[in-house]
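Undergrad: One file: structure19.pdb (PDB, C-alpha atoms and all ligand atoms).
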```
ATOM      1  CA  MET A 276      29.821-102.081   8.005  1.00  0.00           C
ATOM      2  CA  ILE A 277      32.751-102.411  10.374  1.00  0.00           C
ATOM      3  CA  SER A 278      34.606-105.728  10.828  1.00  0.00           C
ATOM      4  CA  ARG A 279      33.337-106.333  14.362  1.00  0.00           C
ATOM      5  CA  ASN A 280      29.721-106.115  13.192  1.00  0.00           C
ATOM      6  CA  HIS A 281      30.434-108.352  10.208  1.00  0.00           C
ATOM      7  CA  PHE A 282      31.930-110.982  12.485  1.00  0.00           C
ATOM      8  CA  PHE A 283      29.293-111.047  15.225  1.00  0.00           C
ATOM      9  CA  LEU A 284      26.220-110.694  13.070  1.00  0.00           C
ATOM     10  CA  SER A 285      27.386-113.356  10.591  1.00  0.00           C
ATOM     11  CA  PHE A 286      28.392-115.627  13.453  1.00  0.00           C
ATOM     12  CA  SER A 287      25.027-115.342  15.197  1.00  0.00           C
ATOM     13  CA  LEU A 288      23.038-115.793  11.965  1.00  0.00           C
ATOM     14  CA  SER A 289      25.169-118.800  11.018  1.00  0.00           C
ATOM     15  CA  LEU A 290      24.162-120.609  14.198  1.00  0.00           C
ATOM     16  CA  TYR A 291      20.612-120.812  12.843  1.00  0.00           C
ATOM     17  CA  VAL A 292      21.711-121.764   9.324  1.00  0.00           C
ATOM     18  CA  TYR A 293      23.879-124.678  10.490  1.00  0.00           C
ATOM     19  CA  ARG A 294      21.476-125.934  13.114  1.00  0.00           C
ATOM     20  CA  PHE A 295      18.081-125.470  11.468  1.00  0.00           C
ATOM     21  CA  ILE A 296      18.667-125.251   7.698  1.00  0.00           C
ATOM     22  CA  LEU A 297      21.574-127.662   7.322  1.00  0.00           C
ATOM     23  CA  GLY A 298      20.547-129.761  10.321  1.00  0.00           C
ATOM     24  CA  VAL A 299      23.946-130.063  11.981  1.00  0.00           C
ATOM     25  CA  GLU A 300      23.192-132.078  15.116  1.00  0.00           C
ATOM     26  CA  SER A 301      26.210-131.354  17.289  1.00  0.00           C
ATOM     27  CA  ILE A 302      26.056-127.888  18.858  1.00  0.00           C
ATOM     28  CA  PHE A 303      29.842-128.006  19.137  1.00  0.00           C
ATOM     29  CA  TYR A 304      30.148-128.256  15.337  1.00  0.00           C
ATOM     30  CA  VAL A 305      27.484-125.618  14.867  1.00  0.00           C
ATOM     31  CA  PHE A 306      29.685-123.255  16.881  1.00  0.00           C
ATOM     32  CA  ILE A 307      32.896-124.229  15.079  1.00  0.00           C
ATOM     33  CA  TYR A 308      31.318-123.729  11.644  1.00  0.00           C
ATOM     34  CA  SER A 309      29.741-120.461  12.757  1.00  0.00           C
ATOM     35  CA  ILE A 310      33.020-119.071  14.102  1.00  0.00           C
ATOM     36  CA  LEU A 311      34.648-119.930  10.766  1.00  0.00           C
ATOM     37  CA  THR A 312      31.779-118.260   8.925  1.00  0.00           C
ATOM     38  CA  GLY A 313      32.124-115.147  11.084  1.00  0.00           C
ATOM     39  CA  PHE A 314      35.842-115.058  10.389  1.00  0.00           C
ATOM     40  CA  PHE A 315      35.301-115.319   6.631  1.00  0.00           C
ATOM     41  CA  ALA A 316      32.611-112.665   6.846  1.00  0.00           C
ATOM     42  CA  PHE A 317      35.130-109.978   7.637  1.00  0.00           C
ATOM     43  CA  LEU A 318      37.734-111.286   5.200  1.00  0.00           C
ATOM     44  CA  PRO A 319      36.225-109.660   2.053  1.00  0.00           C
ATOM     45  CA  ASP A 320      37.245-106.270   3.447  1.00  0.00           C
ATOM     46  CA  ILE A 321      40.872-107.293   3.125  1.00  0.00           C
ATOM     47  CA  ASP A 322      40.751-105.495  -0.223  1.00  0.00           C
ATOM     48  CA  ILE A 323      40.486-102.133   1.514  1.00  0.00           C
ATOM     49  CA  ARG A 324      43.567-102.881   3.615  1.00  0.00           C
ATOM     50  CA  ILE A 325      45.694-103.942   0.667  1.00  0.00           C
ATOM     51  CA  THR A 326      44.475-101.000  -1.424  1.00  0.00           C
ATOM     52  CA  ASN A 327      45.347 -98.547   1.363  1.00  0.00           C
ATOM     53  CA  LYS A 328      48.874 -99.943   1.600  1.00  0.00           C
ATOM     54  CA  VAL A 329      49.361 -99.833  -2.168  1.00  0.00           C
ATOM     55  CA  ARG A 330      47.922 -96.316  -2.298  1.00  0.00           C
ATOM     56  CA  GLU A 331      50.426 -95.174   0.349  1.00  0.00           C
ATOM     57  CA  LYS A 332      53.274 -96.730  -1.608  1.00  0.00           C
ATOM     58  CA  LYS A 333      52.037 -95.111  -4.785  1.00  0.00           C
ATOM     59  CA  LYS A 334      51.911 -91.691  -3.152  1.00  0.00           C
ATOM     60  CA  LYS A 335      55.442 -92.100  -1.838  1.00  0.00           C
ATOM     61  CA  ALA A 336      56.684 -93.272  -5.243  1.00  0.00           C
ATOM     62  CA  SER A 337      55.155 -90.218  -6.919  1.00  0.00           C
ATOM     63  CA  TRP A 338      57.060 -87.828  -4.654  1.00  0.00           C
ATOM     64  CA  VAL A 339      60.299 -89.768  -4.924  1.00  0.00           C
ATOM     65  CA  SER A 340      60.055 -89.806  -8.712  1.00  0.00           C
ATOM     66  CA  ILE A 341      59.600 -86.020  -8.849  1.00  0.00           C
ATOM     67  CA  PHE A 342      62.630 -85.579  -6.599  1.00  0.00           C
ATOM     68  CA  LEU A 343      64.745 -87.996  -8.650  1.00  0.00           C
ATOM     69  CA  PHE A 344      63.693 -86.323 -11.863  1.00  0.00           C
ATOM     70  CA  ILE A 345      64.953 -82.956 -10.587  1.00  0.00           C
ATOM     71  CA  VAL A 346      68.231 -84.595  -9.484  1.00  0.00           C
ATOM     72  CA  SER A 347      68.682 -86.196 -12.891  1.00  0.00           C
ATOM     73  CA  LEU A 348      68.084 -82.845 -14.620  1.00  0.00           C
ATOM     74  CA  MET A 349      70.670 -81.288 -12.324  1.00  0.00           C
ATOM     75  CA  PHE A 350      73.288 -83.914 -13.215  1.00  0.00           C
ATOM     76  CA  LEU A 351      72.590 -83.519 -16.919  1.00  0.00           C
ATOM     77  CA  ARG A 352      72.897 -79.763 -16.583  1.00  0.00           C
ATOM     78  CA  ILE A 353      76.284 -80.142 -14.847  1.00  0.00           C
ATOM     79  CA  TYR A 354      77.364 -82.504 -17.638  1.00  0.00           C
ATOM     80  CA  VAL A 355      76.477 -79.935 -20.332  1.00  0.00           C
ATOM     81  CA  TYR A 356      78.314 -77.264 -18.395  1.00  0.00           C
ATOM     82  CA  LEU A 357      81.508 -79.299 -17.802  1.00  0.00           C
ATOM     83  CA  TYR A 358      81.535 -80.604 -21.376  1.00  0.00           C
ATOM     84  CA  ASN A 359      82.557 -77.128 -22.567  1.00  0.00           C
ATOM     85  CA  PHE A 360      85.901 -77.321 -20.780  1.00  0.00           C
ATOM     86  CA  PRO A 361      88.291 -79.507 -22.854  1.00  0.00           C
ATOM     87  CA  ASP A 362      90.550 -80.459 -19.927  1.00  0.00           C
ATOM     88  CA  ILE A 363      87.753 -81.917 -17.781  1.00  0.00           C
ATOM     89  CA  LYS A 364      85.659 -83.304 -20.661  1.00  0.00           C
ATOM     90  CA  ASN A 365      86.217 -86.920 -19.552  1.00  0.00           C
ATOM     91  CA  PHE A 366      85.209 -86.052 -16.022  1.00  0.00           C
ATOM     92  CA  SER A 367      81.929 -84.616 -17.344  1.00  0.00           C
ATOM     93  CA  TYR A 368      80.814 -88.057 -18.575  1.00  0.00           C
ATOM     94  CA  LEU A 369      80.486 -89.156 -14.976  1.00  0.00           C
ATOM     95  CA  PHE A 370      77.619 -86.666 -14.592  1.00  0.00           C
ATOM     96  CA  LEU A 371      76.061 -87.802 -17.856  1.00  0.00           C
ATOM     97  CA  ILE A 372      75.998 -91.393 -16.567  1.00  0.00           C
ATOM     98  CA  LEU A 373      74.636 -90.329 -13.168  1.00  0.00           C
ATOM     99  CA  GLY A 374      71.979 -88.216 -14.864  1.00  0.00           C
ATOM    100  CA  LEU A 375      70.933 -91.113 -17.100  1.00  0.00           C
ATOM    101  CA  ILE A 376      70.865 -93.594 -14.194  1.00  0.00           C
ATOM    102  CA  PHE A 377      68.552 -91.306 -12.253  1.00  0.00           C
ATOM    103  CA  PHE A 378      66.442 -90.652 -15.304  1.00  0.00           C
ATOM    104  CA  PHE A 379      65.921 -94.356 -15.976  1.00  0.00           C
ATOM    105  CA  PHE A 380      65.116 -94.864 -12.338  1.00  0.00           C
ATOM    106  CA  VAL A 381      62.394 -92.244 -12.688  1.00  0.00           C
ATOM    107  CA  LEU A 382      61.029 -94.087 -15.750  1.00  0.00           C
ATOM    108  CA  PHE A 383      61.035 -97.302 -13.734  1.00  0.00           C
ATOM    109  CA  LEU A 384      59.172 -95.607 -10.873  1.00  0.00           C
ATOM    110  CA  ILE A 385      56.564 -94.194 -13.248  1.00  0.00           C
ATOM    111  CA  PHE A 386      56.052 -97.702 -14.618  1.00  0.00           C
ATOM    112  CA  ASP A 387      55.794 -98.983 -11.037  1.00  0.00           C
ATOM    113  CA  ILE A 388      53.206 -96.312 -10.189  1.00  0.00           C
ATOM    114  CA  LYS A 389      51.151 -97.395 -13.212  1.00  0.00           C
ATOM    115  CA  VAL A 390      51.283-101.020 -12.053  1.00  0.00           C
ATOM    116  CA  LEU A 391      50.308-100.017  -8.502  1.00  0.00           C
ATOM    117  CA  GLY A 392      47.416 -98.020  -9.931  1.00  0.00           C
ATOM    118  CA  LEU A 393      46.273-101.123 -11.774  1.00  0.00           C
ATOM    119  CA  ILE A 394      46.379-103.171  -8.562  1.00  0.00           C
ATOM    120  CA  ILE A 395      44.214-100.524  -6.857  1.00  0.00           C
ATOM    121  CA  LYS A 396      41.741-100.698  -9.721  1.00  0.00           C
ATOM    122  CA  ILE A 397      41.485-104.485  -9.628  1.00  0.00           C
ATOM    123  CA  LEU A 398      41.280-104.692  -5.841  1.00  0.00           C
ATOM    124  CA  LYS A 399      39.125-101.620  -5.355  1.00  0.00           C
ATOM    125  CA  HIS A 400      36.916-101.913  -2.309  1.00  0.00           C
ATOM    126  CA  ARG A 401      33.727-103.849  -2.820  1.00  0.00           C
ATOM    127  CA  GLY A 402      35.020-105.074  -6.138  1.00  0.00           C
ATOM    128  CA  VAL A 403      35.591-108.709  -6.886  1.00  0.00           C
ATOM    129  CA  THR A 404      35.545-109.859  -3.226  1.00  0.00           C
ATOM    130  CA  HIS A 405      32.006-108.452  -2.943  1.00  0.00           C
ATOM    131  CA  SER A 406      30.626-109.857  -6.173  1.00  0.00           C
ATOM    132  CA  LEU A 407      28.185-112.545  -7.188  1.00  0.00           C
ATOM    133  CA  LEU A 408      30.918-113.932  -9.411  1.00  0.00           C
ATOM    134  CA  PHE A 409      33.098-114.660  -6.367  1.00  0.00           C
ATOM    135  CA  LEU A 410      30.079-116.057  -4.537  1.00  0.00           C
ATOM    136  CA  VAL A 411      29.269-118.458  -7.384  1.00  0.00           C
ATOM    137  CA  PHE A 412      32.902-119.555  -7.455  1.00  0.00           C
ATOM    138  CA  LEU A 413      32.800-120.287  -3.700  1.00  0.00           C
ATOM    139  CA  GLY A 414      29.427-121.966  -4.105  1.00  0.00           C
ATOM    140  CA  VAL A 415      30.848-124.366  -6.663  1.00  0.00           C
ATOM    141  CA  LEU A 416      33.838-125.127  -4.415  1.00  0.00           C
ATOM    142  CA  SER A 417      31.622-125.806  -1.405  1.00  0.00           C
ATOM    143  CA  HIS A 418      29.475-128.091  -3.530  1.00  0.00           C
ATOM    144  CA  TYR A 419      32.526-130.330  -3.857  1.00  0.00           C
ATOM    145  CA  ASN A 420      33.902-129.831  -0.374  1.00  0.00           C
ATOM    146  CA  PHE A 421      31.850-128.760   2.630  1.00  0.00           C
ATOM    147  CA  LEU A 422      34.912-127.082   4.164  1.00  0.00           C
ATOM    148  CA  PHE A 423      34.408-124.252   1.656  1.00  0.00           C
ATOM    149  CA  PHE A 424      30.849-123.716   2.808  1.00  0.00           C
ATOM    150  CA  PRO A 425      31.758-121.447   5.766  1.00  0.00           C
ATOM    151  CA  ILE A 426      33.702-119.240   3.329  1.00  0.00           C
ATOM    152  CA  PHE A 427      30.727-119.163   0.978  1.00  0.00           C
ATOM    153  CA  LEU A 428      28.266-118.357   3.752  1.00  0.00           C
ATOM    154  CA  GLY A 429      30.610-115.780   5.315  1.00  0.00           C
ATOM    155  CA  VAL A 430      31.010-113.919   2.022  1.00  0.00           C
ATOM    156  CA  LEU A 431      27.263-114.158   1.354  1.00  0.00           C
ATOM    157  CA  PHE A 432      26.484-112.603   4.765  1.00  0.00           C
ATOM    158  CA  HIS A 433      29.150-109.973   4.220  1.00  0.00           C
ATOM    159  CA  ILE A 434      27.676-108.870   0.906  1.00  0.00           C
ATOM    160  CA  ILE A 435      24.143-108.725   2.304  1.00  0.00           C
ATOM    161  CA  GLU A 436      25.370-106.782   5.370  1.00  0.00           C
ATOM    162  CA  ASP A 437      27.250-104.304   3.190  1.00  0.00           C
ATOM    163  CA  MET A 438      24.069-103.723   1.219  1.00  0.00           C
ATOM    164  CA  PHE A 439      22.650-101.995   4.296  1.00  0.00           C
ATOM    165  CA  SER A 440      25.383 -99.386   4.127  1.00  0.00           C
ATOM    166  CA  TYR A 441      25.473 -96.108   2.301  1.00  0.00           C
ATOM    167  CA  ARG A 442      28.038 -97.141  -0.315  1.00  0.00           C
ATOM    168  CA  GLY A 443      26.128-100.205  -1.420  1.00  0.00           C
ATOM    169  CA  VAL A 444      27.714-103.136  -3.233  1.00  0.00           C
ATOM    170  CA  GLU A 445      28.540-103.651  -6.888  1.00  0.00           C
ATOM    171  CA  VAL A 446      27.084-107.125  -6.878  1.00  0.00           C
ATOM    172  CA  PHE A 447      27.537-107.620 -10.611  1.00  0.00           C
ATOM    173  CA  TYR A 448      31.171-106.477 -10.658  1.00  0.00           C
ATOM    174  CA  PRO A 449      33.014-106.576 -13.108  1.00  0.00           C
ATOM    175  CA  PHE A 450      30.097-106.788 -15.563  1.00  0.00           C
ATOM    176  CA  LEU A 451      27.970-103.939 -14.266  1.00  0.00           C
ATOM    177  CA  ASP A 452      29.152-100.816 -12.408  1.00  0.00           C
ATOM    178  CA  LYS A 453      25.930-100.277 -10.503  1.00  0.00           C
ATOM    179  CA  ARG A 454      25.822-100.239  -6.704  1.00  0.00           C
ATOM    180  CA  PHE A 455      22.947-101.937  -4.943  1.00  0.00           C
ATOM    181  CA  ASN A 456      21.705-101.309  -1.434  1.00  0.00           C
ATOM    182  CA  ILE A 457      18.762-102.249   0.704  1.00  0.00           C
ATOM    183  CA  LEU A 458      19.186 -99.328   3.135  1.00  0.00           C
ATOM    184  CA  LYS A 459      21.544 -96.369   3.148  1.00  0.00           C
ATOM    185  CA  ILE A 460      23.133 -96.303   6.595  1.00  0.00           C
ATOM    186  CA  LYS A 461      26.488 -94.595   7.088  1.00  0.00           C
ATOM    187  CA  ALA A 462      27.673 -97.571   9.116  1.00  0.00           C
ATOM    188  CA  THR A 463      31.331 -96.673   9.620  1.00  0.00           C
ATOM    189  CA  LYS A 464      30.415 -93.373  11.298  1.00  0.00           C
ATOM    190  CA  ASN A 465      27.188 -94.353  13.006  1.00  0.00           C
ATOM    191  CA  LEU A 466      28.056 -95.571  16.511  1.00  0.00           C
ATOM    192  CA  PHE A 467      24.400 -96.128  17.336  1.00  0.00           C
ATOM    193  CA  PHE A 468      24.054 -98.476  14.364  1.00  0.00           C
ATOM    194  CA  GLN A 469      27.198-100.378  15.390  1.00  0.00           C
ATOM    195  CA  TRP A 470      25.893-100.905  18.920  1.00  0.00           C
ATOM    196  CA  PHE A 471      22.509-101.832  17.578  1.00  0.00           C
ATOM    197  CA  ILE A 472      24.125-104.595  15.515  1.00  0.00           C
ATOM    198  CA  ASP A 473      26.123-105.735  18.578  1.00  0.00           C
ATOM    199  CA  VAL A 474      22.959-105.989  20.654  1.00  0.00           C
ATOM    200  CA  LEU A 475      21.106-107.712  17.817  1.00  0.00           C
ATOM    201  CA  SER A 476      23.914-110.261  17.415  1.00  0.00           C
ATOM    202  CA  LEU A 477      24.040-110.912  21.134  1.00  0.00           C
ATOM    203  CA  GLY A 478      20.265-111.320  21.197  1.00  0.00           C
ATOM    204  CA  LEU A 479      20.421-113.844  18.358  1.00  0.00           C
ATOM    205  CA  ILE A 480      23.097-115.849  20.179  1.00  0.00           C
ATOM    206  CA  PHE A 481      21.137-115.884  23.459  1.00  0.00           C
ATOM    207  CA  TYR A 482      17.901-116.820  21.703  1.00  0.00           C
ATOM    208  CA  PHE A 483      19.700-119.621  19.864  1.00  0.00           C
ATOM    209  CA  LEU A 484      21.069-121.042  23.127  1.00  0.00           C
ATOM    210  CA  HIS A 485      17.604-120.718  24.629  1.00  0.00           C
ATOM    211  CA  ILE A 486      15.889-122.784  21.929  1.00  0.00           C
ATOM    212  CA  VAL A 487      18.511-125.520  21.597  1.00  0.00           C
ATOM    213  CA  ASN A 488      18.598-126.123  25.336  1.00  0.00           C
TER     214      ASN A 488
HETATM  215 ZN    ZN A 501      32.777-104.981   2.723  1.00  0.00          ZN
END
```
When written as structure tokens, how does the structure in this file appear?
Ligand SMILES: [Zn+2]
TA:
Amino acid sequence: MISRNHFFLSFSLSLYVYRFILGVESIFYVFIYSILTGFFAFLPDIDIRITNKVREKKKKASWVSIFLFIVSLMFLRIYVYLYNFPDIKNFSYLFLILGLIFFFFVLFLIFDIKVLGLIIKILKHRGVTHSLLFLVFLGVLSHYNFLFFPIFLGVLFHIIEDMFSYRGVEVFYPFLDKRFNILKIKATKNLFFQWFIDVLSLGLIFYFLHIVN
């Protein structure tokens, strides 16, 4: 589900939760809490943004490391060549050092690429930010401080909303690699579905205002 849908649907559903389940009297506070909830409902997808950035960096690093590796081989080859001439033997060491510097830089980049790959794995989309584990953690926090409740509710809505999409959610991540979904809608490509959610959200907001008035 796209961020806009996450925000509006979670916001409009939250109105009912705060007013009728939690019994928040002031409509002003109901709105404030619901806006916060909507905001936190699109936050779990931050993983996809970070992962995309890291993936880009990783791709770049892979190309750079191949290029640097070729350069280092070239320097080492020049060193071997120059080494055979006694009068410029000392000069040849310069190329040995350059070759080694580049080579170690390549090793460093390969290490970096491995680390970046690890970050992608940990933060993979619909991983920990879409898990019951995270939800329980937020639930415990909001038990001690109500300010965490909008985060908890936002993430809860987000996970449920994502379960209507084709990819499903690995709710039991990292313990179980199985995706769960309620429906299989290709939400990111389905404009009709996105508008349907917009209209539904708007309807929920209008109905809410109608019954509290
Ligand atoms: Zn998501």
Undergrad: Compute the set of protein, DNA and RNA residues whose minimum atom distance to ligand ZN 501 (chain A) is at most 7 Å, using all atoms listed in the file, and state it as a PDB file with C-alpha atoms, in the frame of the given file.
TA:
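Printed below is out-v4.pdb as written:
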```
ATOM      1  CA  MET A 276      29.821-102.081   8.005  1.00  0.00           C
ATOM      2  CA  PRO A 319      36.225-109.660   2.053  1.00  0.00           C
ATOM      3  CA  ASP A 320      37.245-106.270   3.447  1.00  0.00           C
ATOM      4  CA  ARG A 401      33.727-103.849  -2.820  1.00  0.00           C
ATOM      5  CA  HIS A 405      32.006-108.452  -2.943  1.00  0.00           C
ATOM      6  CA  HIS A 433      29.150-109.973   4.220  1.00  0.00           C
ATOM      7  CA  ILE A 434      27.676-108.870   0.906  1.00  0.00           C
ATOM      8  CA  ASP A 437      27.250-104.304   3.190  1.00  0.00           C
TER       9      ASP A 437
END
```
Undergrad: What do you get, as an MDAnalysis selection string, if you spell out every residue that the PyMOL selection byres (((chain A and resi 318) around 12) and not hetatm) selects here?
TA: chainID A and resid 277:279 281:282 285 311:317 319:325 401 404:405 425:434
Undergrad: I need the residue set behind the PyMOL selection byres (((chain A and resi 444) around 9) and not hetatm) for this file; please write it as an NGL selection string.
TA: :A and (401-402 or 405-406 or 434-435 or 437-438 or 440 or 442-443 or 445-448 or 453-456)
Undergrad: Rank nothing, just name the residue among A:Phe370, A:Lys333, A:Phe344, A:Leu284 nearest to Tyr356 of chain A, using only C-alpha atoms.
TA: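 Counting only C-alpha atoms, the residue closest to Tyr356 of chain A is A:Phe370.
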Undergrad: Measuring atom to atom with all atoms listed in the file, identify which of A:Tyr354, A:Phe342, A:Phe423, A:Phe366 is nearest to Leu384 of chain A.
TA: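 Under the stated criterion, the closest residue is A:Phe342.
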Undergrad: One number please: atom CA of Tyr441 of chain A to atom CA of Asn465 of chain A, in Å, one decimal.
TA: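 Separating atom CA of Tyr441 of chain A from atom CA of Asn465 of chain A is a distance of 11.0 Å.
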Undergrad: Expanded to explicit residues, what is the PyMOL selection byres (((chain A and resi 478-485) around 9) and not hetatm) for this file, as a VMD selection string?
TA: chain A and resid 284 286 to 288 290 to 291 473 to 477 486 to 488
Undergrad: Using C-alpha atoms, can you write the selected residues to a file as a short mmCIF file (atom, residue, chain, number, x, y, z; two decimals), in the frame of the given file?
TA:
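Contents of again24.cif, as written:
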```cif
data_model
loop_
_atom_site.label_atom_id
_atom_site.label_comp_id
_atom_site.auth_asym_id
_atom_site.auth_seq_id
_atom_site.Cartn_x
_atom_site.Cartn_y
_atom_site.Cartn_z
CA LEU A 284 26.22 -110.69 13.07
CA PHE A 286 28.39 -115.63 13.45
CA SER A 287 25.03 -115.34 15.20
CA LEU A 288 23.04 -115.79 11.96
CA LEU A 290 24.16 -120.61 14.20
CA TYR A 291 20.61 -120.81 12.84
CA ASP A 473 26.12 -105.74 18.58
CA VAL A 474 22.96 -105.99 20.65
CA LEU A 475 21.11 -107.71 17.82
CA SER A 476 23.91 -110.26 17.42
CA LEU A 477 24.04 -110.91 21.13
CA ILE A 486 15.89 -122.78 21.93
CA VAL A 487 18.51 -125.52 21.60
CA ASN A 488 18.60 -126.12 25.34
#
```
Undergrad: One decimal, Å: what's the distance from atom CA of Leu382 of chain A over to atom CA of Asn327 of chain A, could you say?
TA: 23.6 Å
Undergrad: Just checking: using only C-alpha atoms, which residue out of A:Tyr304, A:Phe283, A:Tyr293, A:Phe360 ends up closest to Gln469 of chain A?
TA: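 That would be A:Phe283, the residue with the smallest distance to Gln469 of chain A.
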Undergrad: Given the choices A:Val403, A:Ile397, A:Ile353, A:Leu343, which gets closest to Ile376 of chain A if the distance is worked out from all atoms listed in the file?
TA: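 Ranking A:Val403, A:Ile397, A:Ile353, A:Leu343 by distance to Ile376 of chain A, first place goes to A:Leu343.
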Undergrad: Calculate how many Å separate atom CA of Leu416 of chain A from atom CA of Thr326 of chain A, rounding to one decimal.
TA: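 It comes out at 26.5 Å.
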